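Raw start-v3.txt, compact mmCIF, C-alpha atoms:
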# COMPACT_ATOMS: atom_id res chain seq x y z
CA MET A 1 4.94 -39.93 15.56
CA ARG A 2 8.52 -40.96 14.85
CA LYS A 3 8.49 -38.73 11.76
CA ILE A 4 7.22 -35.79 13.80
CA THR A 5 10.00 -36.29 16.36
CA GLY A 6 12.45 -36.35 13.48
CA PHE A 7 11.13 -33.03 12.16
CA GLY A 8 11.49 -31.49 15.63
CA CYS A 9 15.08 -32.68 16.06
CA LEU A 10 15.93 -31.40 12.60
CA THR A 11 14.55 -27.96 13.35
CA VAL A 12 16.48 -27.73 16.64
CA LEU A 13 19.61 -28.68 14.74
CA ILE A 14 18.90 -25.97 12.19
CA ALA A 15 18.43 -23.46 15.04
CA PHE A 16 21.86 -24.39 16.30
CA LEU A 17 23.34 -23.93 12.84
CA GLY A 18 21.52 -20.63 12.52
CA CYS A 19 23.04 -19.54 15.83
CA ALA A 20 26.49 -20.43 14.61
CA SER A 21 26.04 -18.48 11.39
CA ALA A 22 24.26 -15.49 12.92
CA ASP A 23 25.45 -11.96 12.38
CA ARG A 24 27.51 -11.01 15.41
CA ARG A 25 27.30 -7.23 15.15
CA GLU A 26 30.60 -7.17 13.33
CA PRO A 27 31.71 -3.88 11.92
CA LYS A 28 31.24 -3.27 8.24
CA THR A 29 34.88 -2.34 7.87
CA GLN A 30 37.97 -4.25 8.90
CA PRO A 31 39.22 -3.50 12.42
CA ALA A 32 41.99 -0.97 12.57
CA PRO A 33 45.52 -1.94 13.65
CA ARG A 34 46.11 -1.53 17.40
CA ALA A 35 48.01 1.75 17.14
CA ALA A 36 45.37 3.23 14.91
CA ALA A 37 42.61 1.97 17.16
CA GLU A 38 44.20 3.61 20.18
CA SER A 39 44.45 6.89 18.34
CA THR A 40 40.77 6.79 17.53
CA THR A 41 39.40 6.06 20.99
CA ALA A 42 38.08 9.60 21.15
CA GLN A 43 36.25 9.05 17.92
CA SER A 44 33.07 7.77 19.42
CA ALA A 45 29.65 8.84 20.58
CA THR A 46 27.24 7.53 23.17
CA LEU A 47 23.57 7.61 22.26
CA THR A 48 20.75 7.28 24.78
CA VAL A 49 17.95 5.43 23.07
CA HIS A 50 14.43 4.49 24.17
CA GLY A 51 12.19 1.64 23.04
CA LEU A 52 14.85 -1.04 22.50
CA ALA A 53 12.41 -3.69 23.84
CA CYS A 54 14.41 -6.89 23.33
CA PRO A 55 17.78 -8.25 22.08
CA LEU A 56 16.56 -8.97 18.58
CA CYS A 57 14.65 -5.69 18.33
CA ALA A 58 17.82 -3.88 19.39
CA HIS A 59 19.73 -5.57 16.59
CA ASN A 60 17.82 -3.29 14.21
CA ILE A 61 19.76 -0.34 15.62
CA ASP A 62 23.08 -2.03 14.87
CA LYS A 63 21.99 -2.64 11.32
CA GLN A 64 20.98 0.97 10.75
CA LEU A 65 23.95 2.62 12.50
CA LEU A 66 26.47 0.43 10.69
CA LYS A 67 25.11 1.82 7.42
CA VAL A 68 26.22 5.32 8.40
CA ASN A 69 29.45 6.20 6.66
CA GLY A 70 32.29 6.08 9.21
CA VAL A 71 30.55 3.97 11.86
CA GLN A 72 32.85 1.09 12.66
CA LYS A 73 31.40 -0.61 15.74
CA VAL A 74 28.16 -0.50 17.71
CA ASP A 75 27.65 -1.79 21.27
CA VAL A 76 24.16 -1.80 22.76
CA ASP A 77 23.46 -1.93 26.51
CA LEU A 78 19.82 -2.94 26.65
CA GLY A 79 19.55 -2.29 30.39
CA SER A 80 20.58 1.36 30.25
CA GLY A 81 19.63 2.14 26.66
CA LEU A 82 23.17 3.35 25.98
CA VAL A 83 24.44 2.70 22.46
CA LYS A 84 28.17 3.23 22.04
CA VAL A 85 29.20 4.01 18.49
CA ARG A 86 32.84 3.94 17.43
CA PHE A 87 33.92 5.75 14.27
CA ALA A 88 36.61 4.81 11.78
CA ASP A 89 39.82 6.81 11.83
CA GLY A 90 39.37 10.26 10.33
CA THR A 91 35.60 10.16 10.17
CA GLN A 92 33.04 11.95 12.28
CA PRO A 93 29.40 11.27 11.33
CA SER A 94 27.11 14.12 12.23
CA ASP A 95 24.46 14.01 14.95
CA LYS A 96 21.85 14.31 12.21
CA GLU A 97 23.11 11.15 10.47
CA LEU A 98 23.16 9.19 13.73
CA ALA A 99 19.68 10.43 14.69
CA ALA A 100 18.30 9.43 11.29
CA ALA A 101 19.74 5.91 11.68
CA VAL A 102 18.14 5.49 15.12
CA GLU A 103 14.79 6.69 13.75
CA ALA A 104 15.09 4.30 10.79
CA GLY A 105 15.57 1.43 13.23
CA GLY A 106 12.25 2.32 14.83
CA PHE A 107 13.55 3.78 18.10
CA THR A 108 13.57 7.14 19.88
CA LEU A 109 16.84 9.02 20.34
CA ASN A 110 17.04 10.96 23.62
CA LYS A 111 20.58 12.24 23.70
CA ILE A 112 23.94 12.14 21.89
CA GLU A 113 27.14 12.61 23.90
CA ARG A 114 30.60 12.91 22.43
CA PRO A 115 33.76 12.80 24.55
CA MET B 1 4.94 -42.19 1.54
CA GLN B 2 8.62 -42.09 2.42
CA HIS B 3 9.28 -40.42 -0.92
CA VAL B 4 6.91 -37.54 -0.13
CA THR B 5 8.26 -37.15 3.41
CA LEU B 6 11.79 -37.02 2.08
CA ARG B 7 10.83 -34.23 -0.33
CA PHE B 8 9.30 -32.26 2.56
CA VAL B 9 12.43 -32.67 4.70
CA CYS B 10 14.68 -31.65 1.80
CA ALA B 11 12.58 -28.54 1.19
CA LEU B 12 12.70 -27.66 4.90
CA VAL B 13 16.47 -28.04 5.10
CA ALA B 14 17.14 -26.17 1.86
CA MET B 15 14.92 -23.22 2.78
CA THR B 16 16.17 -22.87 6.33
CA ILE B 17 19.86 -23.32 5.72
CA GLY B 18 19.57 -21.17 2.62
CA SER B 19 18.60 -18.24 4.79
CA LEU B 20 21.08 -16.12 6.68
CA PRO B 21 21.00 -15.09 10.27
CA ALA B 22 15.60 -13.02 12.31
CA ILE B 23 12.30 -9.70 15.14
CA ALA B 24 10.93 -10.63 18.39
CA GLN B 25 8.19 -9.80 20.87
CA GLU B 26 6.17 -11.40 18.14
CA PRO B 27 4.06 -14.32 19.37
CA PRO B 28 4.60 -17.66 17.66
CA ASN B 29 0.95 -18.06 16.60
CA ALA B 30 -0.34 -14.52 16.10
CA TYR B 31 -1.12 -13.41 12.58
CA GLU B 32 0.85 -10.18 12.95
CA SER B 33 2.52 -7.88 15.46
CA ALA B 34 3.41 -4.19 15.45
CA THR B 35 7.13 -4.93 15.15
CA GLN B 36 9.00 -4.71 11.90
CA PRO B 37 12.50 -4.58 10.43
CA GLY B 38 14.17 -1.31 9.56
CA PRO B 39 14.82 -0.26 5.97
CA GLY B 40 17.09 -2.70 4.13
CA THR B 41 16.79 -5.30 6.89
CA PHE B 42 15.21 -8.72 6.38
CA ILE B 43 13.63 -11.23 8.71
CA PHE B 44 13.15 -14.78 7.53
CA LYS B 45 10.71 -16.83 9.58
CA PRO B 46 10.34 -20.52 8.83
CA GLN B 47 7.76 -22.15 11.09
CA LEU B 48 6.85 -25.82 11.20
CA ARG B 49 3.38 -26.72 12.47
CA TYR B 50 1.98 -30.21 12.98
CA PHE B 51 -1.73 -30.52 13.58
CA TYR B 52 -4.20 -33.29 13.97
CA LEU B 53 -7.77 -32.88 12.73
CA ASP B 54 -10.86 -34.91 13.49
CA ASP B 55 -12.89 -36.11 10.55
CA ALA B 56 -14.94 -33.37 8.88
CA PRO B 57 -18.72 -33.96 8.77
CA SER B 58 -18.99 -32.83 5.16
CA SER B 59 -16.04 -34.80 3.87
CA PRO B 60 -15.39 -38.44 3.02
CA TRP B 61 -12.10 -38.13 4.82
CA GLY B 62 -11.40 -39.43 8.27
CA ASP B 63 -8.62 -38.33 10.59
CA THR B 64 -6.08 -35.94 9.13
CA HIS B 65 -2.48 -35.30 10.09
CA GLN B 66 -0.90 -32.26 8.51
CA LEU B 67 2.50 -30.65 8.49
CA ASN B 68 2.70 -27.03 7.45
CA LEU B 69 5.98 -25.26 6.85
CA SER B 70 5.17 -21.56 6.70
CA ASN B 71 7.96 -19.42 5.28
CA THR B 72 7.71 -15.69 5.80
CA LEU B 73 10.15 -13.11 4.53
CA ASN B 74 9.71 -9.63 6.04
CA PHE B 75 11.66 -6.70 4.74
CA GLY B 76 11.82 -3.08 5.78
CA ILE B 77 11.13 -0.59 3.00
CA ALA B 78 11.02 2.67 4.99
CA PRO B 79 11.32 3.60 8.69
CA ASP B 80 7.58 2.91 9.31
CA TRP B 81 6.82 0.59 6.40
CA SER B 82 7.55 -3.08 5.84
CA ALA B 83 6.36 -5.76 3.46
CA SER B 84 6.13 -9.51 3.78
CA ILE B 85 5.66 -12.52 1.59
CA ARG B 86 4.51 -15.83 3.06
CA PHE B 87 4.43 -19.13 1.26
CA PRO B 88 3.64 -22.46 2.89
CA LEU B 89 4.65 -26.00 2.09
CA GLU B 90 2.11 -28.62 3.11
CA GLN B 91 2.11 -32.34 3.69
CA ARG B 92 -1.09 -34.15 4.60
CA TRP B 93 -2.01 -37.71 5.56
CA GLN B 94 -5.72 -38.57 5.51
CA SER B 95 -7.66 -41.72 6.15
CA ASP B 96 -10.57 -42.44 3.81
CA ARG B 97 -13.72 -43.49 5.69
CA THR B 98 -15.30 -45.13 2.65
CA SER B 99 -12.43 -47.34 1.50
CA SER B 100 -10.47 -47.62 4.77
CA GLY B 101 -7.44 -46.53 2.76
CA ASN B 102 -5.06 -43.64 3.27
CA GLU B 103 -4.02 -40.80 1.03
CA GLU B 104 -0.97 -38.64 1.25
CA SER B 105 -0.41 -35.33 -0.48
CA PHE B 106 2.36 -32.80 -0.66
CA GLY B 107 2.45 -29.35 -2.22
CA ILE B 108 2.53 -25.61 -1.84
CA GLY B 109 -0.26 -23.57 -0.30
CA ASP B 110 -1.56 -20.11 -1.19
CA LEU B 111 0.85 -17.21 -1.20
CA THR B 112 0.19 -14.21 1.07
CA THR B 113 1.62 -10.73 0.55
CA LEU B 114 1.21 -7.99 3.16
CA LEU B 115 2.18 -4.35 3.57
CA LYS B 116 2.49 -3.01 7.13
CA TRP B 117 2.50 0.62 8.27
CA ARG B 118 3.47 1.57 11.79
CA VAL B 119 1.05 4.40 12.52
CA TRP B 120 2.06 5.15 16.11
CA ARG B 121 5.04 4.62 18.39
CA ASN B 122 5.64 5.70 21.97
CA ASP B 123 9.02 4.83 23.49
CA THR B 124 8.97 5.72 27.19
CA SER B 125 12.21 4.24 28.58
CA PRO B 126 15.26 2.28 27.36
CA LEU B 127 13.15 -0.86 27.04
CA ASP B 128 9.52 0.19 27.17
CA THR B 129 7.57 0.81 24.02
CA GLN B 130 4.04 0.87 22.59
CA ARG B 131 3.46 0.42 18.88
CA LEU B 132 0.41 0.29 16.63
CA ALA B 133 0.43 -0.91 13.02
CA VAL B 134 -2.12 -1.43 10.28
CA PHE B 135 -1.58 -3.97 7.56
CA GLY B 136 -3.26 -5.07 4.38
CA GLY B 137 -2.59 -7.50 1.59
CA LEU B 138 -3.78 -10.34 -0.54
CA ASP B 139 -3.97 -14.14 -0.52
CA TRP B 140 -2.98 -15.43 -3.94
CA PRO B 141 -4.49 -18.77 -5.11
CA LEU B 142 -1.19 -20.20 -6.20
CA GLY B 143 -1.37 -23.36 -4.09
CA GLN B 144 -2.10 -26.84 -5.28
CA SER B 145 -5.78 -27.76 -5.40
CA GLU B 146 -5.96 -29.53 -2.03
CA PHE B 147 -4.16 -26.70 -0.26
CA SER B 148 -5.76 -23.69 -1.93
CA SER B 149 -8.79 -21.46 -1.34
CA TYR B 150 -9.06 -20.96 -5.13
CA SER B 151 -9.53 -17.24 -4.73
CA PHE B 152 -7.82 -13.88 -4.46
CA ASP B 153 -8.71 -12.82 -0.91
CA PRO B 154 -7.94 -9.32 0.42
CA ILE B 155 -6.75 -9.02 4.04
CA LEU B 156 -6.96 -6.05 6.37
CA GLY B 157 -5.80 -5.89 9.99
CA LEU B 158 -4.52 -4.03 13.02
CA ALA B 159 -1.77 -4.96 15.51
CA TYR B 160 -0.71 -3.48 18.84
CA THR B 161 2.49 -4.39 20.68
CA GLN B 162 3.58 -3.19 24.12
CA VAL B 163 6.72 -3.96 26.10
CA THR B 164 6.93 -2.88 29.75
CA GLY B 165 10.00 -4.18 31.52
CA ARG B 166 9.78 -7.96 31.62
CA HIS B 167 6.21 -8.00 30.33
CA GLY B 168 4.97 -7.89 26.77
CA VAL B 169 1.50 -7.77 25.23
CA ASN B 170 0.52 -8.30 21.62
CA LEU B 171 -3.02 -7.85 20.26
CA SER B 172 -3.99 -8.28 16.63
CA GLY B 173 -7.02 -8.75 14.43
CA ALA B 174 -7.18 -9.53 10.73
CA TRP B 175 -10.16 -9.82 8.40
CA LYS B 176 -9.83 -11.97 5.30
CA PHE B 177 -12.49 -11.20 2.70
CA ALA B 178 -13.26 -14.45 0.83
CA THR B 179 -14.08 -13.84 -2.82
CA ASP B 180 -14.57 -17.59 -3.46
CA GLY B 181 -13.47 -20.79 -1.77
CA ASP B 182 -13.54 -24.54 -1.38
CA ASP B 183 -17.00 -26.19 -1.04
CA ALA B 184 -15.67 -28.60 1.58
CA PRO B 185 -12.87 -26.75 3.41
CA LEU B 186 -10.64 -28.55 5.82
CA LEU B 187 -9.14 -25.45 7.49
CA ALA B 188 -10.28 -21.97 8.50
CA GLY B 189 -10.03 -19.49 5.64
CA GLN B 190 -10.21 -22.06 2.85
CA GLY B 191 -14.00 -21.93 2.48
CA GLN B 192 -16.35 -19.31 1.02
CA ALA B 193 -16.92 -17.47 4.30
CA ASP B 194 -14.92 -14.47 5.46
CA LEU B 195 -12.43 -15.20 8.23
CA PHE B 196 -11.73 -12.99 11.24
CA ARG B 197 -8.53 -13.94 13.03
CA TYR B 198 -7.95 -12.44 16.45
CA ASP B 199 -4.96 -13.00 18.68
CA ALA B 200 -4.02 -11.91 22.20
CA ALA B 201 -0.63 -12.74 23.69
CA TYR B 202 1.21 -12.12 26.93
CA PHE B 203 4.98 -12.54 27.24
CA PHE B 204 7.04 -12.79 30.39
CA ARG B 205 10.83 -12.57 30.26
CA PHE B 206 11.95 -15.05 32.87
CA TYR B 207 15.68 -14.81 32.12
CA PRO B 208 17.55 -12.55 32.55
CA GLU B 209 15.72 -10.59 35.21
CA GLN B 210 17.69 -7.46 34.27
CA TYR B 211 19.41 -6.69 31.01
CA THR B 212 23.07 -5.68 31.16
CA ALA B 213 25.70 -4.68 28.62
CA ASP B 214 26.68 -8.35 28.42
CA THR B 215 23.19 -9.67 27.67
CA LYS B 216 23.27 -11.75 24.52
CA GLY B 217 19.84 -13.37 24.70
CA ALA B 218 16.63 -13.75 26.68
CA TRP B 219 14.10 -16.46 27.53
CA TYR B 220 10.37 -15.76 27.42
CA ALA B 221 7.24 -17.65 28.39
CA ALA B 222 4.34 -16.92 26.07
CA PHE B 223 0.60 -17.38 26.61
CA GLU B 224 -1.66 -16.83 23.64
CA LEU B 225 -5.32 -16.99 22.69
CA ASN B 226 -5.81 -17.48 18.96
CA GLY B 227 -9.32 -17.16 17.55
CA PHE B 228 -10.74 -18.05 14.15
CA TYR B 229 -14.28 -16.79 13.46
CA GLU B 230 -15.89 -17.33 10.07
CA THR B 231 -19.01 -15.60 8.81
CA ASN B 232 -20.69 -19.00 8.26
CA GLY B 233 -20.79 -19.30 12.08
CA ASP B 234 -17.76 -21.55 12.58
CA HIS B 235 -15.70 -20.44 15.55
CA GLU B 236 -12.57 -22.01 17.01
CA VAL B 237 -10.32 -20.66 19.79
CA PHE B 238 -6.99 -22.05 20.93
CA LEU B 239 -4.99 -21.59 24.11
CA SER B 240 -1.35 -21.61 23.09
CA PRO B 241 1.37 -21.72 25.74
CA GLY B 242 4.92 -21.51 24.47
CA ILE B 243 8.52 -20.72 25.15
CA MET B 244 10.89 -18.54 23.17
CA TYR B 245 14.63 -17.93 23.17
CA GLU B 246 15.75 -14.72 21.59
CA ALA B 247 19.37 -14.00 20.64
CA GLU B 248 20.71 -10.87 18.95
CA SER B 249 19.93 -12.00 15.45
CA TRP B 250 17.80 -15.12 15.73
CA VAL B 251 14.87 -16.56 17.67
CA LEU B 252 13.75 -20.08 18.48
CA GLU B 253 10.10 -20.58 19.46
CA LEU B 254 8.14 -23.62 20.61
CA SER B 255 4.41 -23.72 21.22
CA VAL B 256 1.41 -26.04 21.46
CA GLN B 257 -2.16 -25.12 20.55
CA LEU B 258 -5.05 -26.62 22.49
CA PRO B 259 -8.67 -25.93 21.54
CA VAL B 260 -10.79 -24.20 24.20
CA LEU B 261 -13.80 -23.43 21.98
CA GLN B 262 -14.97 -25.33 18.91
CA ARG B 263 -18.29 -24.55 17.25
CA LEU B 264 -17.73 -25.94 13.81
CA ASP B 265 -20.30 -27.06 11.23
CA TRP B 266 -18.38 -26.58 8.01
CA ARG B 267 -14.90 -27.89 8.64
CA SER B 268 -12.81 -30.23 10.75
CA GLU B 269 -11.94 -29.72 14.40
CA THR B 270 -8.27 -29.37 15.28
CA ASP B 271 -7.46 -31.60 18.25
CA PHE B 272 -4.06 -30.02 18.87
CA ALA B 273 -1.11 -28.44 17.11
CA VAL B 274 2.61 -28.32 17.83
CA VAL B 275 4.66 -25.40 16.52
CA ILE B 276 8.39 -24.91 16.22
CA GLY B 277 9.72 -21.82 14.55
CA LEU B 278 12.82 -19.76 13.86
CA ARG B 279 13.42 -16.15 12.96
CA PHE B 280 16.59 -14.78 11.45
CA LEU B 281 17.38 -11.11 11.07
CA PHE B 282 19.90 -10.16 8.44

Turn the structure described in the file into structure tokens.
Amino acid sequence: MRKITGFGCLTVLIAFLGCASADRREPKTQPAPRAAAESTTAQSATLTVHGLACPLCAHNIDKQLLKVNGVQKVDVDLGSGLVKVRFADGTQPSDKELAAAVEAGGFTLNKIERP
Amino acid sequence: MQHVTLRFVCALVAMTIGSLPAIAQEPPNAYESATQPGPGTFIFKPQLRYFYLDDAPSSPWGDTHQLNLSNTLNFGIAPDWSASIRFPLEQRWQSDRTSSGNEESFGIGDLTTLLKWRVWRNDTSPLDTQRLAVFGGLDWPLGQSEFSSYSFDPILGLAYTQVTGRHGVNLSGAWKFATDGDDAPLLAGQGQADLFRYDAAYFFRFYPEQYTADTKGAWYAAFELNGFYETNGDHEVFLSPGIMYEAESWVLELSVQLPVLQRLDWRSETDFAVVIGLRFLF
């Protein structure tokens, strides 16, 4: 029984390490300098997505959207289904590219709004 | 004995730490669910299971303690298609009724490869979804003799997953067609009879009550029924309560399995099992 307890403790420890090393929805590209970031605040889109289900499920949408050329940051609000996508300076992914990424993640895109 | 245990621990640590950051609404004990990673995304799921078996009527062996480390790597290959490879590490301690001695063994079990196709999806609100998937694959007899079924066994199954607010349901069934097998199997699916695995699970998200933009994780209570029916008439059903914490890219799950039905003539009865698992999405 002592061995079994040891296995359990070890696995909890590994979970903790896994947490520490987990992907934190970081952008694929380096963050822009402050001035540049301010100038690109309009370069974003808000997607309304259905079927997000759970935090880990929703992480699939981050992974797919961050593969789209120009997507710099993704923030998911599970409660409202709003996915805010920020683009890198000088880029403007098309609605079609964003819709394809949402579909690839296994979700349903309802609406895309751009400021 | 310590030598073998040490090897098992080393393998566990190496395989888990070697992975990177895991999908949820997938019950800890179910064979499959209708969730899957997107294209180019991986989920690594190491799961450690300890179970205690009564002595088998057809075997010289007495009580059996077994540790199983199941390692599953899922990867998305297209928006509705994913594949998985599952390979277990096993450690077993058995008492010998005839000599009153003990034997310990360590090794790899049979490899399982599966292909899953999501055939239907209905997303009705930001959270709510219904999904149906079919899957098929093969058990490869690559395990060591005491942990293998000695046969290439095809597998075919169906999984349904539904999330409605704080509630989740997962139903799955899988048929394993045995082409050969062990004469004196210890576990379900190792003998010469076909195995039908059926699983029903209910999830309840008890924290947070409502998701917000700041939500970084969620706690779930899980209640499962896991059935193992073999065409030789053996039938075993477990009630499996559990708890699960799900973060944005990893999951920790804990569960126990308690038998509620055991009609077994060909293999040992499982008295209980304890399961601890992780999932990392990367």

Rank nothing, just name the residue among A:Asp77, A:Asp62, A:Asp89, A:Glu97 nearest to chain B, using only C-alpha atoms.
-> A:Asp77

Can you list, as number ranges by chain, every protein, DNA or RNA residue that comes within 12 Å of A:Asp75 when you count only C-alpha atoms, leaving out same-chain residues fewer than 2 positions away?
-> A: 24-27, 44-48, 55, 58-59, 61-63, 65-66, 71-73, 77-78, 80-86; B: 212-216, 248

Proximal residues of chain B relative to chain A (all atoms listed in the file; 7 Å) as a compact mmCIF listing (two decimals) with C-alpha atoms, in the frame of the given file:
# COMPACT_ATOMS: atom_id res chain seq x y z
CA PRO B 21 21.00 -15.09 10.27
CA ILE B 23 12.30 -9.70 15.14
CA ALA B 24 10.93 -10.63 18.39
CA PRO B 37 12.50 -4.58 10.43
CA GLY B 38 14.17 -1.31 9.56
CA PRO B 39 14.82 -0.26 5.97
CA PRO B 79 11.32 3.60 8.69
CA ASP B 123 9.02 4.83 23.49
CA THR B 124 8.97 5.72 27.19
CA SER B 125 12.21 4.24 28.58
CA PRO B 126 15.26 2.28 27.36
CA LEU B 127 13.15 -0.86 27.04
CA ASP B 128 9.52 0.19 27.17
CA THR B 129 7.57 0.81 24.02
CA VAL B 163 6.72 -3.96 26.10
CA GLN B 210 17.69 -7.46 34.27
CA TYR B 211 19.41 -6.69 31.01
CA THR B 212 23.07 -5.68 31.16
CA ALA B 213 25.70 -4.68 28.62
CA LYS B 216 23.27 -11.75 24.52
CA GLY B 217 19.84 -13.37 24.70
CA GLU B 246 15.75 -14.72 21.59
CA ALA B 247 19.37 -14.00 20.64
CA GLU B 248 20.71 -10.87 18.95
CA SER B 249 19.93 -12.00 15.45
CA TRP B 250 17.80 -15.12 15.73
CA LEU B 252 13.75 -20.08 18.48
CA LEU B 278 12.82 -19.76 13.86

Name the closest residue to B:Ala174 among the candidates B:Tyr229, B:Trp266, B:Tyr50, B:Phe42; distances are taken between atoms, counting all atoms listed in the file.
-> B:Tyr229

Work out how far apart atom CA of B:Trp120 and atom CA of B:Phe87 are and give it in Å to one decimal.
-> 28.6 Å

Fewer than 3 positions away in the same chain doesn't count, so skip those; otherwise give me all residues within 12 Å of B:Gly233, counting all atoms listed in the file, as a PDB file with C-alpha atoms, in the frame of the given file.
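Result file selection-v4.pdb:
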ATOM      1  CA  ALA B 188     -10.280 -21.970   8.500  1.00  0.00           C
ATOM      2  CA  GLN B 192     -16.350 -19.310   1.020  1.00  0.00           C
ATOM      3  CA  ALA B 193     -16.920 -17.470   4.300  1.00  0.00           C
ATOM      4  CA  ASP B 194     -14.920 -14.470   5.460  1.00  0.00           C
ATOM      5  CA  LEU B 195     -12.430 -15.200   8.230  1.00  0.00           C
ATOM      6  CA  PHE B 196     -11.730 -12.990  11.240  1.00  0.00           C
ATOM      7  CA  PHE B 228     -10.740 -18.050  14.150  1.00  0.00           C
ATOM      8  CA  TYR B 229     -14.280 -16.790  13.460  1.00  0.00           C
ATOM      9  CA  GLU B 230     -15.890 -17.330  10.070  1.00  0.00           C
ATOM     10  CA  GLU B 236     -12.570 -22.010  17.010  1.00  0.00           C
ATOM     11  CA  GLN B 262     -14.970 -25.330  18.910  1.00  0.00           C
ATOM     12  CA  ARG B 263     -18.290 -24.550  17.250  1.00  0.00           C
ATOM     13  CA  LEU B 264     -17.730 -25.940  13.810  1.00  0.00           C
ATOM     14  CA  ASP B 265     -20.300 -27.060  11.230  1.00  0.00           C
ATOM     15  CA  TRP B 266     -18.380 -26.580   8.010  1.00  0.00           C
ATOM     16  CA  ARG B 267     -14.900 -27.890   8.640  1.00  0.00           C
TER      17      ARG B 267
END

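For stretch 145-150 of chain B, the residues within 10 Å (counting all atoms listed in the file, excluding itself and residues fewer than 4 positions away along the chain) are Pro88, Leu89, Glu90, Gln91, Arg92, Ser105, Phe106, Gly107, Ile108, Gly109, Asp110, Leu111, Asp139, Trp140, Pro141, Ala178, Thr179, Asp180, Gly181, Asp182, Asp183, Pro185, Leu186, Leu187, Ala188, Gly189, Gln190, Gly191 and Gln192 of chain B.
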
Where atoms are missing, can you supply N, CA and C atoms for stretch 124-135 of chain B and output the lot as a compact mmCIF listing (two decimals), keeping the file's coordinate frame?
# COMPACT_ATOMS: atom_id res chain seq x y z
N THR B 124 8.99 4.98 25.93
CA THR B 124 8.97 5.72 27.19
C THR B 124 10.18 5.50 28.08
N SER B 125 11.00 4.50 27.79
CA SER B 125 12.21 4.24 28.58
C SER B 125 13.14 3.39 27.72
N PRO B 126 14.35 3.07 28.21
CA PRO B 126 15.26 2.28 27.36
C PRO B 126 14.60 1.03 26.77
N LEU B 127 13.77 0.36 27.55
CA LEU B 127 13.15 -0.86 27.04
C LEU B 127 11.71 -0.67 26.59
N ASP B 128 10.98 0.17 27.32
CA ASP B 128 9.52 0.19 27.17
C ASP B 128 9.07 0.89 25.89
N THR B 129 8.08 0.26 25.26
CA THR B 129 7.57 0.81 24.02
C THR B 129 6.12 0.39 23.80
N GLN B 130 5.40 1.21 23.05
CA GLN B 130 4.04 0.87 22.59
C GLN B 130 4.00 1.17 21.10
N ARG B 131 3.49 0.23 20.34
CA ARG B 131 3.46 0.42 18.88
C ARG B 131 2.12 -0.05 18.31
N LEU B 132 1.66 0.65 17.29
CA LEU B 132 0.41 0.29 16.63
C LEU B 132 0.66 0.26 15.12
N ALA B 133 0.21 -0.79 14.47
CA ALA B 133 0.43 -0.91 13.02
C ALA B 133 -0.84 -1.38 12.33
N VAL B 134 -1.05 -0.90 11.12
CA VAL B 134 -2.12 -1.43 10.28
C VAL B 134 -1.47 -2.19 9.14
N PHE B 135 -2.14 -3.21 8.67
CA PHE B 135 -1.58 -3.97 7.56
C PHE B 135 -2.69 -4.41 6.61
